[in-house]
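Novice: This is the content of input.txt (compact mmCIF, C-alpha atoms):
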# COMPACT_ATOMS: atom_id res chain seq x y z
CA MET A 896 -62.82 -8.25 0.37
CA ASN A 897 -59.91 -7.77 2.75
CA PHE A 898 -56.45 -6.57 1.76
CA PHE A 899 -54.87 -10.05 1.92
CA ASN A 900 -57.49 -11.50 -0.44
CA THR A 901 -56.93 -8.57 -2.78
CA ILE A 902 -53.23 -9.41 -2.98
CA VAL A 903 -54.01 -13.10 -3.56
CA VAL A 904 -56.36 -12.21 -6.40
CA GLY A 905 -53.63 -9.98 -7.86
CA PHE A 906 -51.16 -12.87 -7.90
CA LYS A 907 -53.77 -15.15 -9.47
CA GLU A 908 -54.36 -12.61 -12.20
CA ILE A 909 -50.63 -12.42 -12.89
CA TRP A 910 -50.38 -16.21 -12.99
CA ALA A 911 -53.40 -16.51 -15.29
CA HIS A 912 -51.64 -14.33 -17.87
CA LYS A 913 -48.01 -15.33 -17.34
CA SER A 914 -46.58 -14.25 -20.70
CA ARG A 915 -48.40 -10.92 -20.68
CA SER A 916 -47.40 -10.23 -17.10
CA LEU A 917 -43.74 -11.09 -17.79
CA LEU A 918 -43.59 -8.73 -20.76
CA THR A 919 -45.29 -6.05 -18.65
CA MET A 920 -42.78 -6.49 -15.85
CA LEU A 921 -39.78 -6.49 -18.18
CA GLY A 922 -39.43 -2.71 -18.10
CA ILE A 923 -39.52 -2.72 -14.29
CA ILE A 924 -37.03 -5.61 -14.13
CA LEU A 925 -34.54 -3.83 -16.41
CA GLY A 926 -35.04 -0.49 -14.64
CA VAL A 927 -34.41 -1.89 -11.16
CA ALA A 928 -31.50 -4.06 -12.35
CA SER A 929 -29.85 -1.05 -14.00
CA LEU A 930 -30.45 1.11 -10.92
CA VAL A 931 -28.91 -1.43 -8.52
CA ALA A 932 -26.03 -2.25 -10.89
CA MET A 933 -25.24 1.43 -11.45
CA ALA A 934 -25.27 2.05 -7.70
CA ALA A 935 -22.93 -0.94 -7.25
CA LEU A 936 -20.48 0.44 -9.82
CA VAL A 937 -20.55 3.89 -8.22
CA LYS A 938 -20.01 2.38 -4.76
CA GLY A 939 -17.03 0.42 -6.06
CA MET A 940 -15.62 3.59 -7.61
CA GLU A 941 -16.13 5.46 -4.34
CA ASN A 942 -14.36 2.73 -2.34
CA GLY A 943 -11.44 2.77 -4.78
CA MET A 944 -11.06 6.55 -4.61
CA LYS A 945 -11.15 6.54 -0.82
CA GLU A 946 -8.62 3.69 -0.69
CA THR A 947 -6.29 5.72 -2.90
CA MET A 948 -6.71 8.82 -0.74
CA ILE A 949 -5.90 6.82 2.40
CA ALA A 950 -2.88 5.29 0.67
CA MET A 951 -1.66 8.83 -0.01
CA GLY A 952 -1.81 9.73 3.68
CA GLY A 953 -5.42 10.44 4.59
CA ALA A 954 -7.71 13.45 4.47
CA ASP A 955 -5.82 15.38 7.17
CA LYS A 956 -2.54 15.50 5.22
CA VAL A 957 -1.42 18.85 3.79
CA LEU A 958 1.39 19.25 1.27
CA THR A 959 3.57 22.35 1.25
CA ASP A 960 4.46 22.88 -2.40
CA GLU A 961 6.99 25.21 -3.93
CA GLN A 962 5.57 27.85 -6.26
CA ASP A 963 6.74 30.84 -8.26
CA VAL A 964 6.62 34.10 -6.40
CA PRO A 965 3.61 36.32 -7.20
CA PRO A 966 4.08 39.04 -9.86
CA GLU A 967 4.39 41.82 -7.30
CA GLN A 968 7.38 39.99 -5.77
CA GLU A 969 9.09 39.13 -9.04
CA HIS A 970 12.11 41.27 -8.12
CA LEU A 971 12.65 39.03 -5.04
CA ALA A 972 12.60 35.72 -6.95
CA ASN A 973 16.35 35.19 -6.58
CA GLU A 974 16.05 35.61 -2.80
CA ALA A 975 13.31 32.96 -2.36
CA PRO A 976 14.71 30.50 0.19
CA GLY A 977 12.55 27.50 -0.71
CA ARG A 978 11.60 24.93 1.92
CA THR A 979 14.30 24.41 4.53
CA MET A 980 14.78 22.91 7.98
CA GLN A 981 14.42 26.43 9.38
CA ASP A 982 10.79 26.26 8.24
CA VAL A 983 10.32 22.90 9.95
CA ILE A 984 11.71 24.12 13.27
CA ALA A 985 9.62 27.30 13.10
CA LEU A 986 6.46 25.31 12.35
CA ARG A 987 7.10 22.96 15.28
CA ASN A 988 7.51 25.91 17.63
CA GLY A 989 4.95 28.33 16.22
CA ALA A 990 2.04 26.31 14.79
CA PRO A 991 0.35 24.37 17.63
CA LEU A 992 -2.66 23.54 15.42
CA LEU A 993 -0.40 21.15 13.49
CA ARG A 994 0.00 17.76 15.14
CA LEU A 995 2.65 16.37 12.80
CA ILE A 996 5.39 17.81 10.58
CA SER A 997 7.47 15.65 8.25
CA PRO A 998 10.41 17.14 6.30
CA GLU A 999 11.56 15.11 3.28
CA MET A 1000 14.46 15.06 0.86
CA SER A 1001 13.85 13.00 -2.26
CA MET A 1002 15.89 11.69 -5.15
CA HIS A 1003 13.64 11.89 -8.19
CA ASN A 1004 14.27 9.64 -11.20
CA ASN A 1005 17.98 9.21 -10.53
CA ALA A 1006 18.08 6.62 -7.76
CA VAL A 1007 19.14 3.06 -8.56
CA MET A 1008 19.09 0.25 -6.02
CA THR A 1009 21.10 -2.91 -6.59
CA HIS A 1010 21.72 -6.25 -4.90
CA GLY A 1011 24.13 -8.54 -6.66
CA GLU A 1012 23.19 -8.49 -10.32
CA LYS A 1013 19.61 -7.34 -9.75
CA THR A 1014 18.58 -3.71 -10.12
CA VAL A 1015 15.41 -1.77 -9.36
CA VAL A 1016 14.45 1.89 -9.70
CA PRO A 1017 12.37 2.89 -6.66
CA SER A 1018 9.25 4.94 -7.29
CA GLU A 1019 10.32 7.02 -4.31
CA LEU A 1020 13.62 7.25 -2.45
CA VAL A 1021 12.99 9.56 0.49
CA GLY A 1022 15.08 10.82 3.35
CA ALA A 1023 12.77 11.69 6.23
CA TRP A 1024 12.22 11.84 9.95
CA PRO A 1025 10.58 8.90 11.74
CA SER A 1026 7.33 10.93 11.66
CA VAL A 1027 6.95 9.99 7.98
CA LEU A 1028 5.63 6.62 9.15
CA ASP A 1029 2.50 8.26 10.59
CA MET A 1030 2.37 10.97 7.93
CA ASN A 1031 2.02 8.53 5.00
CA LEU A 1032 0.20 5.82 6.98
CA HIS A 1033 2.94 3.23 6.51
CA THR A 1034 2.80 -0.07 8.40
CA ILE A 1035 5.92 -2.06 9.32
CA GLN A 1036 5.43 -5.80 8.84
CA TYR A 1037 8.97 -7.04 9.51
CA GLY A 1038 11.85 -5.46 11.40
CA ARG A 1039 11.69 -1.88 12.62
CA PHE A 1040 11.64 1.68 11.40
CA PHE A 1041 14.66 3.90 11.97
CA ASN A 1042 14.59 6.15 15.03
CA ASP A 1043 15.91 9.59 16.01
CA ILE A 1044 19.31 8.14 16.94
CA ASP A 1045 19.67 6.56 13.49
CA ASP A 1046 18.81 9.93 11.96
CA GLU A 1047 21.11 11.91 14.23
CA ASN A 1048 24.08 9.64 13.45
CA ALA A 1049 23.23 9.49 9.72
CA ARG A 1050 23.30 5.70 9.74
CA SER A 1051 23.17 3.85 6.44
CA VAL A 1052 19.90 2.02 7.06
CA CYS A 1053 16.76 1.78 4.99
CA VAL A 1054 13.20 0.50 5.10
CA ILE A 1055 11.77 -0.92 1.87
CA GLY A 1056 8.43 -1.81 0.34
CA THR A 1057 7.48 -5.27 -0.85
CA GLY A 1058 7.88 -4.24 -4.49
CA ILE A 1059 11.59 -3.58 -3.86
CA ARG A 1060 11.88 -6.95 -2.10
CA ASP A 1061 10.20 -8.73 -5.02
CA GLU A 1062 12.59 -7.22 -7.57
CA LEU A 1063 15.83 -7.70 -5.65
CA PHE A 1064 15.24 -10.89 -3.67
CA GLY A 1065 12.29 -12.61 -5.36
CA SER A 1066 8.55 -12.55 -4.79
CA PRO A 1067 6.60 -15.24 -2.90
CA GLU A 1068 4.97 -16.23 -6.20
CA LYS A 1069 8.38 -17.02 -7.71
CA THR A 1070 10.10 -18.54 -4.70
CA GLY A 1071 7.11 -20.22 -3.04
CA ARG A 1072 7.96 -18.65 0.32
CA GLU A 1073 7.91 -15.29 2.06
CA ILE A 1074 11.34 -13.67 1.82
CA VAL A 1075 12.25 -11.19 4.58
CA PRO A 1076 15.57 -9.53 3.64
CA LEU A 1077 16.32 -7.99 7.04
CA GLY A 1078 20.05 -7.38 7.51
CA GLU A 1079 20.79 -7.64 3.79
CA ILE A 1080 23.15 -5.08 2.26
CA VAL A 1081 21.92 -3.20 -0.82
CA ASN A 1082 23.57 -0.43 -2.79
CA ILE A 1083 21.81 2.86 -3.47
CA ASN A 1084 23.71 4.77 -6.15
CA GLY A 1085 26.85 2.91 -5.06
CA GLN A 1086 26.37 3.56 -1.33
CA PRO A 1087 25.87 0.46 0.91
CA PHE A 1088 22.72 0.39 3.06
CA THR A 1089 21.42 -2.19 5.52
CA ILE A 1090 17.75 -3.17 5.33
CA ILE A 1091 16.29 -2.91 8.83
CA GLY A 1092 12.58 -3.06 8.05
CA MET A 1093 9.98 -3.87 5.41
CA PHE A 1094 6.51 -2.42 5.00
CA THR A 1095 3.42 -4.54 4.65
CA GLU A 1096 2.20 -5.12 1.11
CA TYR A 1097 -0.26 -2.42 0.13
CA MET A 1098 -3.11 -3.43 -2.14
CA SER A 1099 -6.67 -2.53 -2.91
CA GLU A 1100 -9.58 -4.46 -1.43
CA GLN A 1101 -10.22 -6.07 -4.80
CA ASP A 1102 -6.63 -7.33 -5.02
CA ARG A 1103 -6.91 -8.68 -1.50
CA LYS A 1104 -10.03 -10.66 -2.38
CA GLU A 1105 -8.47 -11.96 -5.58
CA ARG A 1106 -5.38 -13.04 -3.63
CA GLU A 1107 -7.52 -14.94 -1.14
CA LEU A 1108 -9.47 -16.64 -3.94
CA ALA A 1109 -6.24 -17.59 -5.69
CA LYS A 1110 -4.97 -19.29 -2.54
CA MET A 1111 -8.10 -21.44 -2.44
CA LYS A 1112 -7.58 -22.67 -6.01
CA PRO A 1113 -5.01 -25.31 -6.97
CA GLN A 1114 -1.70 -23.84 -8.03
CA GLU A 1115 -0.96 -23.90 -11.75
CA ARG A 1116 2.54 -24.11 -13.14
CA HIS A 1117 3.53 -21.38 -15.56
CA ALA A 1118 6.21 -21.94 -18.14
CA GLY A 1119 6.96 -18.26 -18.62
CA PRO A 1120 8.10 -15.61 -16.15
CA THR A 1121 5.68 -14.41 -13.50
CA ARG A 1122 4.60 -10.79 -13.71
CA MET A 1123 5.55 -8.68 -10.75
CA ARG A 1124 2.81 -8.14 -8.20
CA GLY A 1125 1.13 -4.76 -8.11
CA TRP A 1126 1.92 -3.76 -11.70
CA GLY A 1127 -0.91 -5.48 -13.59
CA PRO A 1128 -3.64 -3.37 -15.19
CA LYS A 1129 -6.21 -4.58 -12.67
CA ASN A 1130 -3.98 -4.58 -9.60
CA GLY A 1131 -4.51 -1.86 -7.12
CA GLY A 1132 -3.70 1.43 -8.81
CA TRP A 1133 -0.75 3.78 -8.85
CA ALA A 1134 -0.94 4.78 -5.18
CA PHE A 1135 -0.45 1.19 -3.99
CA ARG A 1136 2.28 0.48 -6.54
CA ARG A 1137 4.10 3.61 -5.46
CA LYS A 1138 3.99 2.69 -1.78
CA ASN A 1139 5.19 -0.85 -2.52
CA LEU A 1140 8.20 0.53 -4.43
CA THR A 1141 9.16 3.06 -1.76
CA VAL A 1142 12.53 3.22 0.01
CA ILE A 1143 12.90 5.46 3.08
CA ILE A 1144 16.21 6.39 4.74
CA PRO A 1145 16.98 8.83 7.61
CA LEU A 1146 16.90 12.51 6.62
CA ASN A 1147 20.47 13.22 7.76
CA THR A 1148 21.70 10.17 5.87
CA MET A 1149 20.13 11.52 2.69
CA TRP A 1150 21.79 14.87 3.30
CA VAL A 1151 25.26 13.51 4.11
CA LYS A 1152 25.46 10.83 1.41
CA PHE A 1153 23.53 12.34 -1.48
CA LYS A 1154 22.62 15.99 -1.00
CA SER A 1155 25.53 17.76 0.69
CA ALA A 1156 27.37 18.16 -2.62
CA ALA A 1157 24.44 17.93 -4.99
CA GLY A 1158 23.81 21.64 -5.47
CA ALA A 1159 25.08 23.90 -8.20
CA ASN A 1160 28.90 23.90 -8.42
CA ASN A 1161 28.93 21.21 -5.70
CA ILE A 1162 27.70 23.73 -3.15
CA PRO A 1163 25.44 22.15 -0.48
CA ASP A 1164 21.77 22.74 -1.17
CA PRO A 1165 19.83 22.93 2.14
CA ARG A 1166 16.38 22.95 0.54
CA LEU A 1167 13.89 20.19 1.24
CA SER A 1168 11.83 18.39 -1.37
CA ASP A 1169 8.69 18.42 0.77
CA ILE A 1170 7.27 19.55 4.06
CA ASP A 1171 4.17 17.51 4.82
CA LEU A 1172 1.78 18.56 7.57
CA LYS A 1173 -1.10 16.99 9.47
CA VAL A 1174 -3.59 19.13 11.33
CA ALA A 1175 -4.69 18.35 14.86
CA ASP A 1176 -8.38 18.83 14.06
CA MET A 1177 -9.99 18.83 10.61
CA LYS A 1178 -12.59 21.28 11.91
CA LEU A 1179 -9.75 23.77 12.39
CA LEU A 1180 -8.13 23.17 9.00
CA GLU A 1181 -8.36 26.78 7.79
CA PRO A 1182 -7.01 28.31 11.03
CA ALA A 1183 -4.21 25.72 11.05
CA LEU A 1184 -3.22 26.58 7.48
CA GLN A 1185 -3.35 30.29 8.24
CA GLN A 1186 -1.15 29.69 11.28
CA ALA A 1187 1.34 27.73 9.16
CA ARG A 1188 1.28 30.41 6.48
CA ASN A 1189 2.05 33.15 9.01
CA VAL A 1190 5.05 31.17 10.30
CA LEU A 1191 6.42 30.50 6.81
CA MET A 1192 5.99 34.12 5.76
CA MET A 1193 8.25 35.07 8.67
CA THR A 1194 10.94 32.49 7.87
CA HIS A 1195 10.77 33.39 4.16
CA ARG A 1196 11.09 37.12 4.94
CA GLY A 1197 7.73 37.90 3.37
CA ILE A 1198 8.45 36.07 0.09
CA GLU A 1199 5.48 33.88 -0.81
CA ASP A 1200 7.22 31.07 -2.71
CA PHE A 1201 5.06 28.29 -1.26
CA GLN A 1202 1.47 27.08 -1.31
CA PHE A 1203 -0.60 24.51 0.56
CA ARG A 1204 -2.31 21.60 -1.16
CA THR A 1205 -4.89 19.80 0.95
CA GLN A 1206 -6.52 16.42 0.60
CA GLU A 1207 -9.81 18.17 1.35
CA ASN A 1208 -9.89 19.28 -2.28
CA GLN A 1209 -9.52 15.67 -3.35
CA VAL A 1210 -12.30 14.62 -0.96
CA GLU A 1211 -14.59 17.25 -2.50
CA ASN A 1212 -13.65 16.08 -6.01
CA ILE A 1213 -14.43 12.48 -5.02
CA ASN A 1214 -17.80 13.49 -3.58
CA GLN A 1215 -18.61 15.55 -6.67
CA GLN A 1216 -17.75 12.68 -9.01
CA ILE A 1217 -19.84 10.29 -6.92
CA ARG A 1218 -22.80 12.70 -6.92
CA ASN A 1219 -22.58 13.15 -10.70
CA ALA A 1220 -22.36 9.41 -11.31
CA ARG A 1221 -25.30 8.71 -9.02
CA MET A 1222 -27.34 11.45 -10.63
CA SER A 1223 -26.65 10.17 -14.16
CA GLY A 1224 -27.35 6.55 -13.21
CA GLY A 1225 -30.46 7.51 -11.27
CA ILE A 1226 -31.92 9.48 -14.20
CA ILE A 1227 -31.31 6.59 -16.62
CA ALA A 1228 -32.84 4.05 -14.22
CA ALA A 1229 -35.81 6.36 -13.48
CA ILE A 1230 -36.56 6.68 -17.20
CA SER A 1231 -36.48 2.88 -17.50
CA LEU A 1232 -38.86 2.52 -14.56
CA ILE A 1233 -41.23 5.16 -15.94
CA VAL A 1234 -41.30 3.34 -19.28
CA GLY A 1235 -42.08 0.16 -17.33
CA GLY A 1236 -44.86 2.01 -15.51
CA ILE A 1237 -46.38 3.07 -18.84
CA GLY A 1238 -46.38 -0.60 -19.83
CA ILE A 1239 -48.18 -1.52 -16.60
CA MET A 1240 -50.77 1.21 -17.16
CA ASN A 1241 -51.39 0.00 -20.70
CA ILE A 1242 -51.85 -3.60 -19.63
CA MET A 1243 -54.15 -2.62 -16.75
CA PHE A 1244 -56.41 -0.74 -19.17
CA ALA A 1245 -56.47 -3.85 -21.37
CA SER A 1246 -57.19 -6.01 -18.32
CA ILE A 1247 -60.23 -4.05 -17.13
CA ASN A 1248 -61.65 -4.01 -20.67
CA GLU A 1249 -61.50 -7.81 -20.61
CA ARG A 1250 -63.14 -7.94 -17.17
CA ILE A 1251 -66.01 -5.45 -17.58
CA ARG A 1252 -68.70 -8.11 -17.02
CA GLU A 1253 -66.73 -9.49 -14.04
CA ILE A 1254 -66.55 -6.01 -12.51
CA GLY A 1255 -70.29 -5.51 -13.13
CA LEU A 1256 -71.04 -8.84 -11.41
CA CYS A 1257 -68.90 -7.91 -8.40
CA LYS A 1258 -70.76 -4.61 -8.04
CA ALA A 1259 -74.12 -6.37 -8.46
CA ILE A 1260 -73.44 -8.66 -5.49
CA GLY A 1261 -72.33 -5.84 -3.22
CA ALA A 1262 -68.77 -4.72 -4.09
CA THR A 1263 -68.29 -0.97 -3.78
CA GLY A 1264 -66.45 1.30 -6.16
CA PHE A 1265 -63.64 1.54 -3.59
CA ASP A 1266 -63.30 -2.27 -3.54
CA ILE A 1267 -62.93 -2.33 -7.32
CA PHE A 1268 -60.50 0.60 -7.17
CA MET A 1269 -58.32 -1.17 -4.60
CA GLN A 1270 -58.42 -4.46 -6.53
CA ILE A 1271 -57.07 -2.90 -9.73
CA LEU A 1272 -54.57 -0.71 -7.87
CA VAL A 1273 -53.20 -3.64 -5.84
CA GLU A 1274 -52.83 -5.74 -9.00
CA SER A 1275 -50.78 -2.94 -10.55
CA VAL A 1276 -48.59 -2.61 -7.45
CA VAL A 1277 -48.12 -6.40 -7.23
CA ILE A 1278 -46.90 -6.50 -10.84
CA ALA A 1279 -44.46 -3.64 -10.10
CA ILE A 1280 -43.11 -5.14 -6.86
CA VAL A 1281 -42.72 -8.63 -8.33
CA GLY A 1282 -40.87 -7.03 -11.24
CA ALA A 1283 -38.73 -5.06 -8.79
CA LEU A 1284 -37.76 -8.18 -6.83
CA ALA A 1285 -36.91 -9.95 -10.08
CA GLY A 1286 -34.84 -6.89 -11.04
CA VAL A 1287 -32.90 -7.08 -7.77
CA VAL A 1288 -32.06 -10.71 -8.52
CA ALA A 1289 -31.16 -9.83 -12.11
CA SER A 1290 -28.85 -7.05 -10.89
CA TYR A 1291 -26.40 -9.61 -9.48
CA GLY A 1292 -26.05 -11.18 -12.92
CA LEU A 1293 -25.83 -7.74 -14.56
CA VAL A 1294 -23.00 -6.70 -12.24
CA GLN A 1295 -21.09 -9.90 -13.06
CA LEU A 1296 -21.66 -9.32 -16.78
CA LEU A 1297 -20.40 -5.74 -16.55
CA GLY A 1298 -17.33 -7.01 -14.68
CA ILE A 1299 -16.55 -9.33 -17.60
CA LEU A 1300 -17.31 -6.91 -20.43
CA ALA A 1301 -15.81 -3.79 -18.84
CA PRO A 1302 -13.52 -4.80 -15.94
CA THR A 1303 -12.53 -2.05 -13.53
CA GLN A 1304 -9.97 -1.74 -10.75
CA ASN A 1305 -12.70 -1.49 -8.13
CA THR A 1306 -15.08 -4.32 -7.36
CA PRO A 1307 -18.73 -3.19 -7.71
CA GLN A 1308 -20.55 -3.40 -4.38
CA ILE A 1309 -24.31 -3.97 -4.34
CA THR A 1310 -25.82 -2.06 -1.42
CA PRO A 1311 -29.08 -2.69 0.47
CA GLU A 1312 -29.93 0.99 0.11
CA ALA A 1313 -29.94 0.76 -3.70
CA MET A 1314 -32.13 -2.35 -3.61
CA LEU A 1315 -34.58 -0.68 -1.22
CA VAL A 1316 -34.74 2.45 -3.37
CA GLY A 1317 -35.39 0.31 -6.45
CA VAL A 1318 -38.25 -1.59 -4.81
CA LEU A 1319 -39.85 1.54 -3.31
CA PHE A 1320 -39.59 3.49 -6.55
CA SER A 1321 -41.12 0.55 -8.42
CA ALA A 1322 -43.99 0.45 -5.93
CA ALA A 1323 -44.54 4.17 -6.50
CA VAL A 1324 -44.51 3.60 -10.27
CA GLY A 1325 -47.02 0.76 -9.80
CA ILE A 1326 -49.34 3.02 -7.82
CA ALA A 1327 -49.10 5.81 -10.41
CA ALA A 1328 -49.59 3.37 -13.29
CA GLY A 1329 -52.63 1.72 -11.72
CA LEU A 1330 -54.33 4.87 -10.51
CA PHE A 1331 -56.18 5.87 -13.71
CA PRO A 1332 -57.22 2.31 -14.71
CA ALA A 1333 -58.48 1.76 -11.15
CA LEU A 1334 -60.51 4.99 -11.25
CA LYS A 1335 -61.98 4.00 -14.59
CA ALA A 1336 -62.96 0.53 -13.29
CA ALA A 1337 -64.46 1.97 -10.08
CA LYS A 1338 -66.80 4.23 -12.10
CA PHE A 1339 -68.34 1.41 -14.17
CA ASP A 1340 -72.13 1.25 -13.94
CA PRO A 1341 -72.99 -2.36 -12.88
CA ILE A 1342 -76.03 -2.59 -15.20
CA GLN A 1343 -74.12 -1.36 -18.24
CA ALA A 1344 -71.18 -3.61 -17.31
CA LEU A 1345 -73.40 -6.72 -17.11
CA ARG A 1346 -74.84 -5.92 -20.55
CA TYR A 1347 -71.33 -5.58 -22.05
CA GLU A 1348 -70.55 -8.22 -24.72
Will you turn the file into structure tokens for me?
Specialist:
Amino acid sequence: MNFFNTIVVGFKEIWAHKSRSLLTMLGIILGVASLVAMAALVKGMENGMKETMIAMGGADKVLTDEQDVPPEQEHLANEAPGRTMQDVIALRNGAPLLRLISPEMSMHNNAVMTHGEKTVVPSELVGAWPSVLDMNLHTIQYGRFFNDIDDENARSVCVIGTGIRDELFGSPEKTGREIVPLGEIVNINGQPFTIIGMFTEYMSEQDRKERELAKMKPQERHAGPTRMRGWGPKNGGWAFRRKNLTVIIPLNTMWVKFKSAAGANNIPDPRLSDIDLKVADMKLLEPALQQARNVLMMTHRGIEDFQFRTQENQVENINQQIRNARMSGGIIAAISLIVGGIGIMNIMFASINERIREIGLCKAIGATGFDIFMQILVESVVIAIVGALAGVVASYGLVQLLGILAPTQNTPQITPEAMLVGVLFSAAVGIAAGLFPALKAAKFDPIQALRYE
């Protein structure tokens, strides 16, 4: 009997006992479906985490944070200079392993932006150099970003996110058209500013797909107010909301209009809120940070009142979470598949007990023990693979069900790798489950088998 005929006989055996075969395959179906669905959820989580990291500026971004001086320098705490433009100039001149430096002055929790009777509180009002555009991976959709001349002359210009536009001028959902408020005058804490540019709308991949699907459906009229885009529980995440509610003005403008008299006793405070860095080569991250540290230790006169916070730590945390989730899901799915394999083994033992005379007849007309062994083994593998393929199909429905019962911000993504692993592991389970029944059937004595009642 050739291999093809063996497979055909295996399918016929499954078809002859449909109910029994279905119950036998149920463990494999559930195991593969859970494996593929779990992998899809983990992949969606991974995509969402990476989207958030990119929205925050990418893996090569380094934050220079302020910190308390170490205990051995406690007596110098009052002399700590903080982050200043002197640091920025020194880093530009003395740290060639850094490709980008972006000083920032921020107004935290006390900035109010108005236009007419409408008011919005930006998530971030930042005064920065033009390099902030590349530093935070912003994209201009309309208008322009301010340049070095705007910064040098401290011009009252600003670039806004779409969330600011929606609150002050109306969203496309409310107005039915795309509003581009270039040239409009807005007030920031009473100071007039001209809008010269607007960023693109930042959203997660899931939000983008939902937006495209919504455009394909007929529009429904809502009697009540429309919720602002980007703030719903399933829309995008905090990183995208924050970028959409960002307002950026030139650094010198921030200093002249808001910071020059904002220190204690109305004394100008030259300290920056942030100094963000990007390294020229991620392979040289540690040398670049050491280079930057050496420069700052000189400008701070040996006082270590700063620290570096890298996105590399976040990347490692993401990878660790993904590994843990995959490990947990893989163990659960493997247990389900092993239980399914035990079911296959049990049913194969029952099958050969029913077919003892048939096996004896096959041996009597010339079938070898190896032929019988292969026949039983192939039947076991066929049951496992058919169950695996059914499990792959069932995984699509399981993913949809999980999306309804436990919706997440990140769309689960079924991957070919997970499906392949599920099918291969099921085949391995089928081989292991059919091995002992096949050995038992191959050892039957034909005379004793023919006498079996």
Novice: What does the distance between atom CA of A:Ile1035 and atom CA of A:Ser1168 come to in Å, to one decimal place?
Specialist: 23.8 Å
Novice: Give me, please, the distance in Å between atom CA of A:Gly1065 and atom CA of A:Met1093, quoted to one decimal.
Specialist: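 These two atoms are separated by 14.1 Å.
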Novice: Take atom CA of A:Val1021 and atom CA of A:Gly1197 and report the distance between them in Å, one decimal.
Specialist: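 One can read the atom CA of A:Val1021 to atom CA of A:Gly1197 distance as 29.0 Å.
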Novice: Name the closest residue to A:Asp1171 among the candidates A:Gly953, A:Pro1307, A:Gly1329, A:Pro1145; distances are taken between atoms, counting all atoms listed in the file.
Specialist: A:Gly953
Novice: Between A:Thr959, A:Thr979, A:Gln1270, A:Ser1066, which has the minimum distance to A:Arg1166 (counting all atoms listed in the file)?
Specialist: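 For A:Arg1166, the nearest of the given residues is A:Thr979.
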Novice: To test the calculation: enclose all listed atoms of stretch 1310-1318 of chain A in a box whose edges run along x, y and z, add 4 Å on each side, then state centre and edge lengths in Å to one decimal, as lines of an AutoDock Vina configuration file.
Specialist:
center_x = -32.0
center_y = -0.1
center_z = -3.0
size_x = 20.4
size_y = 13.1
size_z = 14.9
Novice: If we count all atoms listed in the file, what is near stretch 994-999 of chain A at a cut-off of 7 Å, once residues fewer than 5 positions away on the same chain are taken out, given as a PyMOL selection string?
Specialist: chain A and resi 983+1021-1024+1026-1027+1030+1146+1167-1175
Novice: Find the residue from A:Gln981, A:Val1294, A:Ile1080, A:Leu992 that sits nearest to A:Leu1179; use all atoms listed in the file when measuring.
Specialist: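 That would be A:Leu992, the residue with the smallest distance to A:Leu1179.
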Novice: Let me make sure I understand: among A:Leu1319, A:Ile1242, A:Ile1198, A:Ile1233, which one has the smallest atom-to-atom distance to A:Leu917 if we use all atoms listed in the file?
Specialist: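 For A:Leu917, the nearest of the candidates is A:Ile1242.
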Novice: Go through A:Arg1218, A:Leu921, A:Ile1059, A:Leu1184 and flag the residue nearest A:Met940, using all atoms listed in the file for the distances.
Specialist: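 Closest to A:Met940 of all the choices is A:Arg1218.
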Novice: Which residue, A:Met944, A:Asn1248, A:His912, A:Leu925, has the smallest gap to A:Glu1211 when you use all atoms listed in the file?
Specialist: A:Met944
Novice: Do a neighbour search on A:Gly1085 at 9 Å with all atoms listed in the file, toss out local chain neighbours closer than 6 positions, and write the hits as an MDAnalysis selection string.
Specialist: chainID A and resid 1007:1009
